[in-house]
Amino acid sequence: MAASAAAPGGGALPSGDVFFLDAFAARQWDDPNYSGTRLSCDKAAFVRTVHELYAAGGCALVDGYAPFCKHLFVPNFVGAAVGSLRITPANRHLLRSAYTRRRPEELAVLTRWFPEAVVAPVPAAAHLDIILYSREQLVQEHEDMPSKAGAPLPPAPWGIISIKAQAEDFETPMAPITVMRNALGREQGGSGVPLDRAAYEASVAYWQEHAAIVAGEEPSGE
């Protein structure tokens, strides 16, 4: 059964025996300017379904870019639209760009995106990539960046920190600036994992041909 934990903004975030919804992922429901996959389903129902799929063997933990990071790949049970589109000659002129940041403490970075209104209708995704961080990693990140911290995290071992609606049932590269920010350290909003040159080049190759979709006027970070 899902329980609830307090979010930094004072709201309750759902949790269960294995997974909890971290406030970083809650932005995908609450922030109209979130860059990428946005969700409108009930948060508690989402976490409950993830637990049910995991318990039934419908998904398994898949290693991520660091020992504290795992993925769950599940069918798109919420009908979410894809969070990014391939850039083509027909839509390139629709791209927007600006310097944006996710939090006041972070450095602003150059970001590009498709406004949702000009690329609608956005197709539904086939899969969800549910990205997890260990509770221990999240505790360390909250200590190093106060704006992340709120009420104590629930005791479940894995926090859902991002959900990507996509066509693929495997991990697609994170944005190049995310790779770079992670290398800058937790005090700059990253995870503290050193930059891997091959992973960075793979990220550039992917995002050279793709851009995130933003429902609002401007993304609140990459």
# chains A, B, ... in the order shown; residues from 1 in each chain; ligands from 1
call {"tool": "select_by_dssp", "arguments": {"residues": "stretch 89-191 of chain A", "states": "strand (DSSP E or B)", "output": "number ranges by chain"}}
result
A: 96-100, 109-115, 124, 127-134, 158-166
call {"tool": "write_last_selection", "arguments": {"atoms": "N, CA, C and O atoms", "output": "CSV table (one decimal), in the first residue's frame"}}
result
chain,number,residue,atom,x,y,z
A,96,ARG,N,13.0,26.7,-30.4
A,96,ARG,CA,13.2,27.9,-29.6
A,96,ARG,C,14.5,27.7,-28.7
A,96,ARG,O,14.8,26.5,-28.4
A,97,SER,N,15.1,28.7,-28.3
A,97,SER,CA,16.3,28.6,-27.4
A,97,SER,C,16.3,29.7,-26.4
A,97,SER,O,15.8,30.9,-26.6
A,98,ALA,N,16.9,29.5,-25.2
A,98,ALA,CA,17.1,30.5,-24.2
A,98,ALA,C,18.0,29.9,-23.1
A,98,ALA,O,18.2,28.7,-23.0
A,99,TYR,N,18.6,30.8,-22.3
A,99,TYR,CA,19.3,30.3,-21.1
A,99,TYR,C,18.3,30.1,-20.0
A,99,TYR,O,17.5,31.0,-19.6
A,100,THR,N,18.3,28.9,-19.4
A,100,THR,CA,17.4,28.5,-18.4
A,100,THR,C,18.1,27.8,-17.2
A,100,THR,O,19.2,27.3,-17.4
A,109,VAL,N,21.9,27.5,-18.3
A,109,VAL,CA,22.5,26.8,-19.5
A,109,VAL,C,21.7,27.1,-20.7
A,109,VAL,O,20.5,27.3,-20.6
A,110,LEU,N,22.3,27.1,-21.9
A,110,LEU,CA,21.6,27.3,-23.1
A,110,LEU,C,20.8,26.0,-23.4
A,110,LEU,O,21.3,24.9,-23.5
A,111,THR,N,19.5,26.2,-23.7
A,111,THR,CA,18.5,25.2,-23.9
A,111,THR,C,17.8,25.4,-25.2
A,111,THR,O,17.5,26.5,-25.5
A,112,ARG,N,17.4,24.3,-25.9
A,112,ARG,CA,16.5,24.5,-27.0
A,112,ARG,C,15.4,23.5,-26.9
A,112,ARG,O,15.5,22.4,-26.3
A,113,TRP,N,14.2,23.8,-27.5
A,113,TRP,CA,13.0,23.0,-27.3
A,113,TRP,C,12.0,23.3,-28.4
A,113,TRP,O,12.1,24.3,-29.1
A,114,PHE,N,11.1,22.4,-28.5
A,114,PHE,CA,9.9,22.7,-29.3
A,114,PHE,C,8.7,23.1,-28.4
A,114,PHE,O,8.4,22.4,-27.5
A,115,PRO,N,8.1,24.3,-28.7
A,115,PRO,CA,6.8,24.6,-28.0
A,115,PRO,C,5.8,23.6,-28.4
A,115,PRO,O,5.6,23.3,-29.5
A,124,ALA,N,1.6,9.6,-28.8
A,124,ALA,CA,1.8,8.9,-27.6
A,124,ALA,C,3.0,8.0,-27.6
A,124,ALA,O,3.4,7.5,-28.7
A,127,HIS,N,6.5,3.4,-24.4
A,127,HIS,CA,7.1,2.9,-23.2
A,127,HIS,C,7.4,4.1,-22.2
A,127,HIS,O,7.4,5.2,-22.6
A,128,LEU,N,7.5,3.8,-21.0
A,128,LEU,CA,8.0,4.7,-19.9
A,128,LEU,C,9.3,4.2,-19.4
A,128,LEU,O,9.5,3.0,-19.0
A,129,ASP,N,10.3,5.1,-19.4
A,129,ASP,CA,11.6,4.8,-18.7
A,129,ASP,C,11.5,5.5,-17.4
A,129,ASP,O,11.5,6.7,-17.3
A,130,ILE,N,11.3,4.7,-16.3
A,130,ILE,CA,11.2,5.3,-15.0
A,130,ILE,C,12.6,5.2,-14.3
A,130,ILE,O,13.2,4.2,-14.1
A,131,ILE,N,13.2,6.4,-14.1
A,131,ILE,CA,14.6,6.5,-13.6
A,131,ILE,C,14.6,6.7,-12.1
A,131,ILE,O,13.8,7.5,-11.5
A,132,LEU,N,15.4,5.8,-11.5
A,132,LEU,CA,15.4,5.7,-10.0
A,132,LEU,C,16.8,6.1,-9.5
A,132,LEU,O,17.8,5.8,-10.2
A,133,TYR,N,16.8,6.8,-8.4
A,133,TYR,CA,18.1,7.0,-7.6
A,133,TYR,C,17.9,6.3,-6.2
A,133,TYR,O,16.8,6.3,-5.7
A,134,SER,N,19.0,5.8,-5.7
A,134,SER,CA,18.9,5.2,-4.4
A,134,SER,C,18.6,6.3,-3.3
A,134,SER,O,18.9,7.5,-3.5
A,158,TRP,N,14.2,3.1,-3.2
A,158,TRP,CA,14.4,3.8,-4.5
A,158,TRP,C,13.5,4.9,-4.7
A,158,TRP,O,12.3,4.8,-4.5
A,159,GLY,N,14.0,6.1,-5.1
A,159,GLY,CA,13.2,7.3,-5.4
A,159,GLY,C,13.1,7.4,-6.9
A,159,GLY,O,14.0,7.3,-7.7
A,160,ILE,N,11.8,7.7,-7.4
A,160,ILE,CA,11.6,8.0,-8.8
A,160,ILE,C,11.9,9.4,-9.0
A,160,ILE,O,11.3,10.3,-8.5
A,161,ILE,N,13.0,9.7,-9.8
A,161,ILE,CA,13.5,11.0,-10.0
A,161,ILE,C,13.1,11.6,-11.4
A,161,ILE,O,13.2,12.8,-11.6
A,162,SER,N,12.7,10.7,-12.3
A,162,SER,CA,12.3,11.2,-13.7
A,162,SER,C,11.5,10.1,-14.4
A,162,SER,O,11.8,8.9,-14.1
A,163,ILE,N,10.6,10.5,-15.2
A,163,ILE,CA,9.9,9.6,-16.1
A,163,ILE,C,10.0,10.1,-17.5
A,163,ILE,O,9.6,11.2,-17.8
A,164,LYS,N,10.4,9.2,-18.4
A,164,LYS,CA,10.6,9.6,-19.8
A,164,LYS,C,9.6,8.7,-20.6
A,164,LYS,O,9.7,7.5,-20.7
A,165,ALA,N,8.7,9.4,-21.3
A,165,ALA,CA,7.8,8.7,-22.2
A,165,ALA,C,8.5,8.6,-23.6
A,165,ALA,O,8.9,9.7,-24.1
A,166,GLN,N,8.7,7.4,-24.1
A,166,GLN,CA,9.5,7.3,-25.3
A,166,GLN,C,9.1,6.1,-26.2
A,166,GLN,O,8.3,5.2,-25.7
call {"tool": "residues_around", "arguments": {"residues": "A:Glu106", "least_positions_apart": "3", "cutoff": "7 Å", "atoms": "only C-alpha atoms", "output": "PyMOL selection string"}}
result
chain A and resi 101-103+188-189
call {"tool": "write_last_selection", "arguments": {"atoms": "N, CA and C atoms", "output": "short mmCIF file (atom, residue, chain, number, x, y, z; two decimals), in the first residue's frame"}}
result
data_model
loop_
_atom_site.label_atom_id
_atom_site.label_comp_id
_atom_site.auth_asym_id
_atom_site.auth_seq_id
_atom_site.Cartn_x
_atom_site.Cartn_y
_atom_site.Cartn_z
N ARG A 101 17.43 27.71 -16.09
CA ARG A 101 17.95 26.96 -14.95
C ARG A 101 16.79 26.30 -14.22
N ARG A 102 17.08 25.17 -13.55
CA ARG A 102 16.05 24.43 -12.84
C ARG A 102 15.82 24.97 -11.45
N ARG A 103 16.89 25.53 -10.84
CA ARG A 103 16.82 26.06 -9.48
C ARG A 103 17.66 27.32 -9.41
N GLN A 188 26.40 21.76 -7.35
CA GLN A 188 25.96 22.48 -8.54
C GLN A 188 24.68 21.86 -9.14
N GLY A 189 24.05 20.96 -8.40
CA GLY A 189 22.82 20.34 -8.87
C GLY A 189 23.01 19.02 -9.56
#
call {"tool": "closest_residue", "arguments": {"among": "A:Ala167, A:Ala212, A:Ala125, A:Met145", "to": "A:Asn33", "atoms": "only C-alpha atoms"}}
result
A:Ala212
call {"tool": "residues_around", "arguments": {"residues": "A:Arg86", "least_positions_apart": "3", "cutoff": "7 Å", "atoms": "only C-alpha atoms", "output": "number ranges by chain"}}
result
A: 209-211
call {"tool": "write_last_selection", "arguments": {"atoms": "C-alpha atoms", "output": "short mmCIF file (atom, residue, chain, number, x, y, z; two decimals), in the first residue's frame"}}
result
data_model
loop_
_atom_site.label_atom_id
_atom_site.label_comp_id
_atom_site.auth_asym_id
_atom_site.auth_seq_id
_atom_site.Cartn_x
_atom_site.Cartn_y
_atom_site.Cartn_z
CA GLU A 209 18.94 15.22 -33.73
CA HIS A 210 16.29 15.59 -31.00
CA ALA A 211 14.77 18.34 -28.85
#
call {"tool": "residues_around", "arguments": {"residues": "A:Glu187", "least_positions_apart": "3", "cutoff": "8 Å", "atoms": "only C-alpha atoms", "output": "tab-separated table (two decimals) with N, CA and C atoms, in the first residue's frame"}}
result
chain	number	residue	atom	x	y	z
A	141	GLU	N	22.35	14.34	-1.98
A	141	GLU	CA	22.06	15.49	-2.84
A	141	GLU	C	21.28	16.55	-2.09
A	144	ASP	N	23.64	18.57	0.04
A	144	ASP	CA	24.55	19.45	-0.69
A	144	ASP	C	23.85	20.58	-1.41
A	145	MET	N	22.55	20.48	-1.66
A	145	MET	CA	21.78	21.56	-2.27
A	145	MET	C	20.50	21.76	-1.48
A	184	LEU	N	30.04	18.29	-12.41
A	184	LEU	CA	30.36	19.47	-11.61
A	184	LEU	C	30.17	19.21	-10.12
A	190	GLY	N	24.26	18.53	-9.65
A	190	GLY	CA	24.54	17.25	-10.29
A	190	GLY	C	24.62	16.12	-9.30
call {"tool": "residues_around", "arguments": {"residues": "A:Ala126", "least_positions_apart": "3", "cutoff": "9 Å", "atoms": "only C-alpha atoms", "output": "PyMOL selection string"}}
result
chain A and resi 74-77+79-82+165-169
call {"tool": "closest_residue", "arguments": {"among": "A:Ala120, A:Leu13, A:Thr88, A:Phe170", "to": "A:Lys70", "atoms": "only C-alpha atoms"}}
result
A:Phe170
call {"tool": "closest_atom_pairs", "arguments": {"of": "stretch 8-39 of chain A", "to": "stretch 52-57 of chain A", "cutoff": "12 Å", "atoms": "only C-alpha atoms", "output": "tab-separated table"}}
result
residue	atom	partner	partner_atom	distance
A:Gly16	CA	A:Glu52	CA	10.5
A:Asp17	CA	A:Ala55	CA	10.6
A:Val18	CA	A:Tyr54	CA	9.2
A:Phe19	CA	A:Tyr54	CA	9.9
call {"tool": "select_by_dssp", "arguments": {"residues": "chain A", "states": "helix (DSSP H, G or I)", "output": "PDB file with N, CA and C atoms, in the first residue's frame"}}
result
ATOM      1  N   ALA A  23      10.449  14.615  -5.145  1.00  0.00           N
ATOM      2  CA  ALA A  23       9.938  15.930  -5.546  1.00  0.00           C
ATOM      3  C   ALA A  23      10.497  16.369  -6.891  1.00  0.00           C
ATOM      4  N   PHE A  24      11.699  15.893  -7.260  1.00  0.00           N
ATOM      5  CA  PHE A  24      12.289  16.259  -8.542  1.00  0.00           C
ATOM      6  C   PHE A  24      11.421  15.750  -9.691  1.00  0.00           C
ATOM      7  N   ALA A  25      10.845  14.559  -9.544  1.00  0.00           N
ATOM      8  CA  ALA A  25       9.951  14.014 -10.570  1.00  0.00           C
ATOM      9  C   ALA A  25       8.561  14.631 -10.495  1.00  0.00           C
ATOM     10  N   ALA A  26       8.150  15.070  -9.321  1.00  0.00           N
ATOM     11  CA  ALA A  26       6.812  15.663  -9.180  1.00  0.00           C
ATOM     12  C   ALA A  26       6.650  16.894 -10.058  1.00  0.00           C
ATOM     13  N   ARG A  27       7.776  17.513 -10.454  1.00  0.00           N
ATOM     14  CA  ARG A  27       7.704  18.655 -11.372  1.00  0.00           C
ATOM     15  C   ARG A  27       7.010  18.280 -12.673  1.00  0.00           C
ATOM     16  N   GLN A  28       7.086  17.005 -13.054  1.00  0.00           N
ATOM     17  CA  GLN A  28       6.495  16.580 -14.326  1.00  0.00           C
ATOM     18  C   GLN A  28       4.972  16.628 -14.293  1.00  0.00           C
ATOM     19  N   TRP A  29       4.401  16.659 -13.116  1.00  0.00           N
ATOM     20  CA  TRP A  29       2.969  16.883 -12.940  1.00  0.00           C
ATOM     21  C   TRP A  29       2.670  18.364 -12.698  1.00  0.00           C
ATOM     22  N   ASP A  30       3.507  19.012 -11.919  1.00  0.00           N
ATOM     23  CA  ASP A  30       3.157  20.314 -11.345  1.00  0.00           C
ATOM     24  C   ASP A  30       3.685  21.529 -12.098  1.00  0.00           C
ATOM     25  N   LYS A  43      -0.844  10.910  -8.933  1.00  0.00           N
ATOM     26  CA  LYS A  43       0.511  10.514  -8.530  1.00  0.00           C
ATOM     27  C   LYS A  43       0.511   9.219  -7.722  1.00  0.00           C
ATOM     28  N   ALA A  44      -0.403   9.109  -6.783  1.00  0.00           N
ATOM     29  CA  ALA A  44      -0.443   7.907  -5.954  1.00  0.00           C
ATOM     30  C   ALA A  44      -0.772   6.681  -6.794  1.00  0.00           C
ATOM     31  N   ALA A  45      -1.690   6.827  -7.744  1.00  0.00           N
ATOM     32  CA  ALA A  45      -2.039   5.707  -8.623  1.00  0.00           C
ATOM     33  C   ALA A  45      -0.843   5.319  -9.482  1.00  0.00           C
ATOM     34  N   PHE A  46      -0.069   6.300  -9.904  1.00  0.00           N
ATOM     35  CA  PHE A  46       1.120   6.006 -10.705  1.00  0.00           C
ATOM     36  C   PHE A  46       2.106   5.151  -9.911  1.00  0.00           C
ATOM     37  N   VAL A  47       2.424   5.586  -8.704  1.00  0.00           N
ATOM     38  CA  VAL A  47       3.376   4.840  -7.875  1.00  0.00           C
ATOM     39  C   VAL A  47       2.821   3.459  -7.540  1.00  0.00           C
ATOM     40  N   ARG A  48       1.544   3.362  -7.298  1.00  0.00           N
ATOM     41  CA  ARG A  48       0.927   2.069  -6.988  1.00  0.00           C
ATOM     42  C   ARG A  48       1.040   1.109  -8.180  1.00  0.00           C
ATOM     43  N   THR A  49       0.811   1.616  -9.391  1.00  0.00           N
ATOM     44  CA  THR A  49       0.908   0.760 -10.575  1.00  0.00           C
ATOM     45  C   THR A  49       2.340   0.316 -10.809  1.00  0.00           C
ATOM     46  N   VAL A  50       3.300   1.195 -10.572  1.00  0.00           N
ATOM     47  CA  VAL A  50       4.710   0.807 -10.713  1.00  0.00           C
ATOM     48  C   VAL A  50       5.035  -0.340  -9.761  1.00  0.00           C
ATOM     49  N   HIS A  51       4.569  -0.246  -8.525  1.00  0.00           N
ATOM     50  CA  HIS A  51       4.767  -1.338  -7.571  1.00  0.00           C
ATOM     51  C   HIS A  51       4.117  -2.638  -8.063  1.00  0.00           C
ATOM     52  N   GLU A  52       2.920  -2.531  -8.596  1.00  0.00           N
ATOM     53  CA  GLU A  52       2.216  -3.721  -9.061  1.00  0.00           C
ATOM     54  C   GLU A  52       2.956  -4.375 -10.221  1.00  0.00           C
ATOM     55  N   LEU A  53       3.434  -3.586 -11.171  1.00  0.00           N
ATOM     56  CA  LEU A  53       4.183  -4.127 -12.305  1.00  0.00           C
ATOM     57  C   LEU A  53       5.469  -4.796 -11.835  1.00  0.00           C
ATOM     58  N   TYR A  54       6.134  -4.161 -10.893  1.00  0.00           N
ATOM     59  CA  TYR A  54       7.394  -4.710 -10.381  1.00  0.00           C
ATOM     60  C   TYR A  54       7.141  -6.020  -9.624  1.00  0.00           C
ATOM     61  N   ALA A  55       6.124  -6.032  -8.792  1.00  0.00           N
ATOM     62  CA  ALA A  55       5.828  -7.223  -8.000  1.00  0.00           C
ATOM     63  C   ALA A  55       5.397  -8.391  -8.883  1.00  0.00           C
ATOM     64  N   ARG A  92      12.558  22.142 -38.032  1.00  0.00           N
ATOM     65  CA  ARG A  92      13.717  22.825 -37.436  1.00  0.00           C
ATOM     66  C   ARG A  92      13.423  24.288 -37.135  1.00  0.00           C
ATOM     67  N   HIS A  93      12.667  24.939 -38.015  1.00  0.00           N
ATOM     68  CA  HIS A  93      12.388  26.373 -37.817  1.00  0.00           C
ATOM     69  C   HIS A  93      11.485  26.639 -36.611  1.00  0.00           C
ATOM     70  N   LEU A  94      10.900  25.598 -36.040  1.00  0.00           N
ATOM     71  CA  LEU A  94      10.018  25.756 -34.886  1.00  0.00           C
ATOM     72  C   LEU A  94      10.771  25.733 -33.554  1.00  0.00           C
ATOM     73  N   GLU A 116       5.087  23.018 -27.382  1.00  0.00           N
ATOM     74  CA  GLU A 116       4.098  21.985 -27.660  1.00  0.00           C
ATOM     75  C   GLU A 116       3.026  22.463 -28.633  1.00  0.00           C
ATOM     76  N   ALA A 117       2.644  23.732 -28.517  1.00  0.00           N
ATOM     77  CA  ALA A 117       1.550  24.246 -29.334  1.00  0.00           C
ATOM     78  C   ALA A 117       1.849  24.196 -30.830  1.00  0.00           C
ATOM     79  N   VAL A 118       3.121  24.284 -31.205  1.00  0.00           N
ATOM     80  CA  VAL A 118       3.448  24.352 -32.632  1.00  0.00           C
ATOM     81  C   VAL A 118       3.782  22.990 -33.226  1.00  0.00           C
ATOM     82  N   VAL A 119       3.883  21.949 -32.386  1.00  0.00           N
ATOM     83  CA  VAL A 119       4.152  20.602 -32.910  1.00  0.00           C
ATOM     84  C   VAL A 119       3.003  19.641 -32.617  1.00  0.00           C
ATOM     85  N   ARG A 135      17.904   5.885  -2.273  1.00  0.00           N
ATOM     86  CA  ARG A 135      17.576   6.821  -1.202  1.00  0.00           C
ATOM     87  C   ARG A 135      18.840   7.470  -0.646  1.00  0.00           C
ATOM     88  N   GLU A 136      19.918   6.687  -0.516  1.00  0.00           N
ATOM     89  CA  GLU A 136      21.177   7.214   0.019  1.00  0.00           C
ATOM     90  C   GLU A 136      21.718   8.345  -0.850  1.00  0.00           C
ATOM     91  N   GLN A 137      21.656   8.180  -2.176  1.00  0.00           N
ATOM     92  CA  GLN A 137      22.129   9.227  -3.079  1.00  0.00           C
ATOM     93  C   GLN A 137      21.286  10.492  -2.939  1.00  0.00           C
ATOM     94  N   LEU A 138      19.979  10.319  -2.828  1.00  0.00           N
ATOM     95  CA  LEU A 138      19.106  11.479  -2.699  1.00  0.00           C
ATOM     96  C   LEU A 138      19.330  12.212  -1.387  1.00  0.00           C
ATOM     97  N   VAL A 139      19.588  11.482  -0.326  1.00  0.00           N
ATOM     98  CA  VAL A 139      19.900  12.130   0.952  1.00  0.00           C
ATOM     99  C   VAL A 139      21.152  12.994   0.802  1.00  0.00           C
ATOM    100  N   GLN A 140      22.178  12.472   0.131  1.00  0.00           N
ATOM    101  CA  GLN A 140      23.415  13.238  -0.072  1.00  0.00           C
ATOM    102  C   GLN A 140      23.159  14.476  -0.922  1.00  0.00           C
ATOM    103  N   GLU A 141      22.348  14.343  -1.976  1.00  0.00           N
ATOM    104  CA  GLU A 141      22.064  15.489  -2.841  1.00  0.00           C
ATOM    105  C   GLU A 141      21.275  16.551  -2.095  1.00  0.00           C
ATOM    106  N   HIS A 142      20.360  16.132  -1.249  1.00  0.00           N
ATOM    107  CA  HIS A 142      19.582  17.101  -0.470  1.00  0.00           C
ATOM    108  C   HIS A 142      20.481  17.847   0.520  1.00  0.00           C
ATOM    109  N   GLU A 143      21.467  17.160   1.068  1.00  0.00           N
ATOM    110  CA  GLU A 143      22.386  17.816   1.999  1.00  0.00           C
ATOM    111  C   GLU A 143      23.258  18.848   1.283  1.00  0.00           C
ATOM    112  N   ASP A 144      23.638  18.569   0.041  1.00  0.00           N
ATOM    113  CA  ASP A 144      24.551  19.445  -0.685  1.00  0.00           C
ATOM    114  C   ASP A 144      23.853  20.585  -1.411  1.00  0.00           C
ATOM    115  N   PRO A 146      20.476  22.741  -0.580  1.00  0.00           N
ATOM    116  CA  PRO A 146      19.344  22.914   0.345  1.00  0.00           C
ATOM    117  C   PRO A 146      17.986  23.036  -0.330  1.00  0.00           C
ATOM    118  N   SER A 147      17.935  23.596  -1.553  1.00  0.00           N
ATOM    119  CA  SER A 147      16.630  23.775  -2.187  1.00  0.00           C
ATOM    120  C   SER A 147      15.977  22.447  -2.530  1.00  0.00           C
ATOM    121  N   LYS A 148      16.738  21.350  -2.571  1.00  0.00           N
ATOM    122  CA  LYS A 148      16.161  20.033  -2.819  1.00  0.00           C
ATOM    123  C   LYS A 148      15.522  19.450  -1.566  1.00  0.00           C
ATOM    124  N   PRO A 176      23.419  16.424 -22.971  1.00  0.00           N
ATOM    125  CA  PRO A 176      24.837  16.709 -22.699  1.00  0.00           C
ATOM    126  C   PRO A 176      25.061  17.588 -21.473  1.00  0.00           C
ATOM    127  N   ILE A 177      24.218  18.593 -21.260  1.00  0.00           N
ATOM    128  CA  ILE A 177      24.429  19.466 -20.117  1.00  0.00           C
ATOM    129  C   ILE A 177      24.180  18.724 -18.812  1.00  0.00           C
ATOM    130  N   THR A 178      23.310  17.703 -18.843  1.00  0.00           N
ATOM    131  CA  THR A 178      23.081  16.904 -17.639  1.00  0.00           C
ATOM    132  C   THR A 178      24.317  16.085 -17.306  1.00  0.00           C
ATOM    133  N   VAL A 179      24.952  15.516 -18.323  1.00  0.00           N
ATOM    134  CA  VAL A 179      26.215  14.795 -18.121  1.00  0.00           C
ATOM    135  C   VAL A 179      27.242  15.729 -17.510  1.00  0.00           C
ATOM    136  N   MET A 180      27.326  16.945 -18.048  1.00  0.00           N
ATOM    137  CA  MET A 180      28.326  17.909 -17.573  1.00  0.00           C
ATOM    138  C   MET A 180      28.004  18.385 -16.159  1.00  0.00           C
ATOM    139  N   ARG A 181      26.715  18.655 -15.894  1.00  0.00           N
ATOM    140  CA  ARG A 181      26.344  19.112 -14.556  1.00  0.00           C
ATOM    141  C   ARG A 181      26.615  18.028 -13.516  1.00  0.00           C
ATOM    142  N   ASN A 182      26.347  16.783 -13.865  1.00  0.00           N
ATOM    143  CA  ASN A 182      26.646  15.697 -12.933  1.00  0.00           C
ATOM    144  C   ASN A 182      28.119  15.708 -12.541  1.00  0.00           C
ATOM    145  N   ALA A 183      28.988  15.984 -13.508  1.00  0.00           N
ATOM    146  CA  ALA A 183      30.428  16.009 -13.241  1.00  0.00           C
ATOM    147  C   ALA A 183      30.832  17.211 -12.385  1.00  0.00           C
ATOM    148  N   LEU A 184      30.044  18.287 -12.413  1.00  0.00           N
ATOM    149  CA  LEU A 184      30.361  19.468 -11.611  1.00  0.00           C
ATOM    150  C   LEU A 184      30.170  19.208 -10.121  1.00  0.00           C
ATOM    151  N   ARG A 186      27.465  17.645  -6.674  1.00  0.00           N
ATOM    152  CA  ARG A 186      26.138  17.795  -6.086  1.00  0.00           C
ATOM    153  C   ARG A 186      25.843  19.235  -5.690  1.00  0.00           C
ATOM    154  N   GLU A 187      26.868  19.998  -5.318  1.00  0.00           N
ATOM    155  CA  GLU A 187      26.621  21.383  -4.920  1.00  0.00           C
ATOM    156  C   GLU A 187      26.200  22.253  -6.099  1.00  0.00           C
ATOM    157  N   GLN A 188      26.396  21.758  -7.351  1.00  0.00           N
ATOM    158  CA  GLN A 188      25.956  22.478  -8.540  1.00  0.00           C
ATOM    159  C   GLN A 188      24.684  21.864  -9.143  1.00  0.00           C
ATOM    160  N   ARG A 197      33.725  10.414 -21.316  1.00  0.00           N
ATOM    161  CA  ARG A 197      33.802  11.024 -22.643  1.00  0.00           C
ATOM    162  C   ARG A 197      32.928  10.278 -23.668  1.00  0.00           C
ATOM    163  N   ALA A 198      32.956   8.957 -23.635  1.00  0.00           N
ATOM    164  CA  ALA A 198      32.159   8.197 -24.594  1.00  0.00           C
ATOM    165  C   ALA A 198      30.668   8.443 -24.389  1.00  0.00           C
ATOM    166  N   ALA A 199      30.231   8.473 -23.130  1.00  0.00           N
ATOM    167  CA  ALA A 199      28.821   8.723 -22.843  1.00  0.00           C
ATOM    168  C   ALA A 199      28.423  10.132 -23.275  1.00  0.00           C
ATOM    169  N   TYR A 200      29.335  11.082 -23.084  1.00  0.00           N
ATOM    170  CA  TYR A 200      29.048  12.461 -23.498  1.00  0.00           C
ATOM    171  C   TYR A 200      28.898  12.553 -25.010  1.00  0.00           C
ATOM    172  N   GLU A 201      29.795  11.899 -25.741  1.00  0.00           N
ATOM    173  CA  GLU A 201      29.721  11.942 -27.202  1.00  0.00           C
ATOM    174  C   GLU A 201      28.441  11.268 -27.702  1.00  0.00           C
ATOM    175  N   ALA A 202      28.032  10.171 -27.059  1.00  0.00           N
ATOM    176  CA  ALA A 202      26.777   9.520 -27.431  1.00  0.00           C
ATOM    177  C   ALA A 202      25.588  10.443 -27.167  1.00  0.00           C
ATOM    178  N   SER A 203      25.657  11.192 -26.069  1.00  0.00           N
ATOM    179  CA  SER A 203      24.610  12.144 -25.743  1.00  0.00           C
ATOM    180  C   SER A 203      24.518  13.238 -26.802  1.00  0.00           C
ATOM    181  N   VAL A 204      25.662  13.770 -27.204  1.00  0.00           N
ATOM    182  CA  VAL A 204      25.682  14.813 -28.234  1.00  0.00           C
ATOM    183  C   VAL A 204      25.086  14.287 -29.538  1.00  0.00           C
ATOM    184  N   ALA A 205      25.477  13.070 -29.931  1.00  0.00           N
ATOM    185  CA  ALA A 205      24.977  12.502 -31.177  1.00  0.00           C
ATOM    186  C   ALA A 205      23.453  12.372 -31.161  1.00  0.00           C
ATOM    187  N   TYR A 206      22.895  11.963 -30.003  1.00  0.00           N
ATOM    188  CA  TYR A 206      21.444  11.801 -29.907  1.00  0.00           C
ATOM    189  C   TYR A 206      20.733  13.157 -29.907  1.00  0.00           C
ATOM    190  N   TRP A 207      21.193  14.068 -29.056  1.00  0.00           N
ATOM    191  CA  TRP A 207      20.485  15.340 -28.902  1.00  0.00           C
ATOM    192  C   TRP A 207      20.795  16.342 -30.001  1.00  0.00           C
TER     193      TRP A 207
END
call {"tool": "atom_distance", "arguments": {"atom1": "atom CA of A:Leu107", "atom2": "atom CA of A:Glu217"}}
result
20.0 Å
call {"tool": "atom_distance", "arguments": {"atom1": "atom CA of A:Ser35", "atom2": "atom CA of A:Pro155"}}
result
29.0 Å
call {"tool": "atom_distance", "arguments": {"atom1": "atom CA of A:Pro121", "atom2": "atom CA of A:Ala90"}}
result
15.1 Å
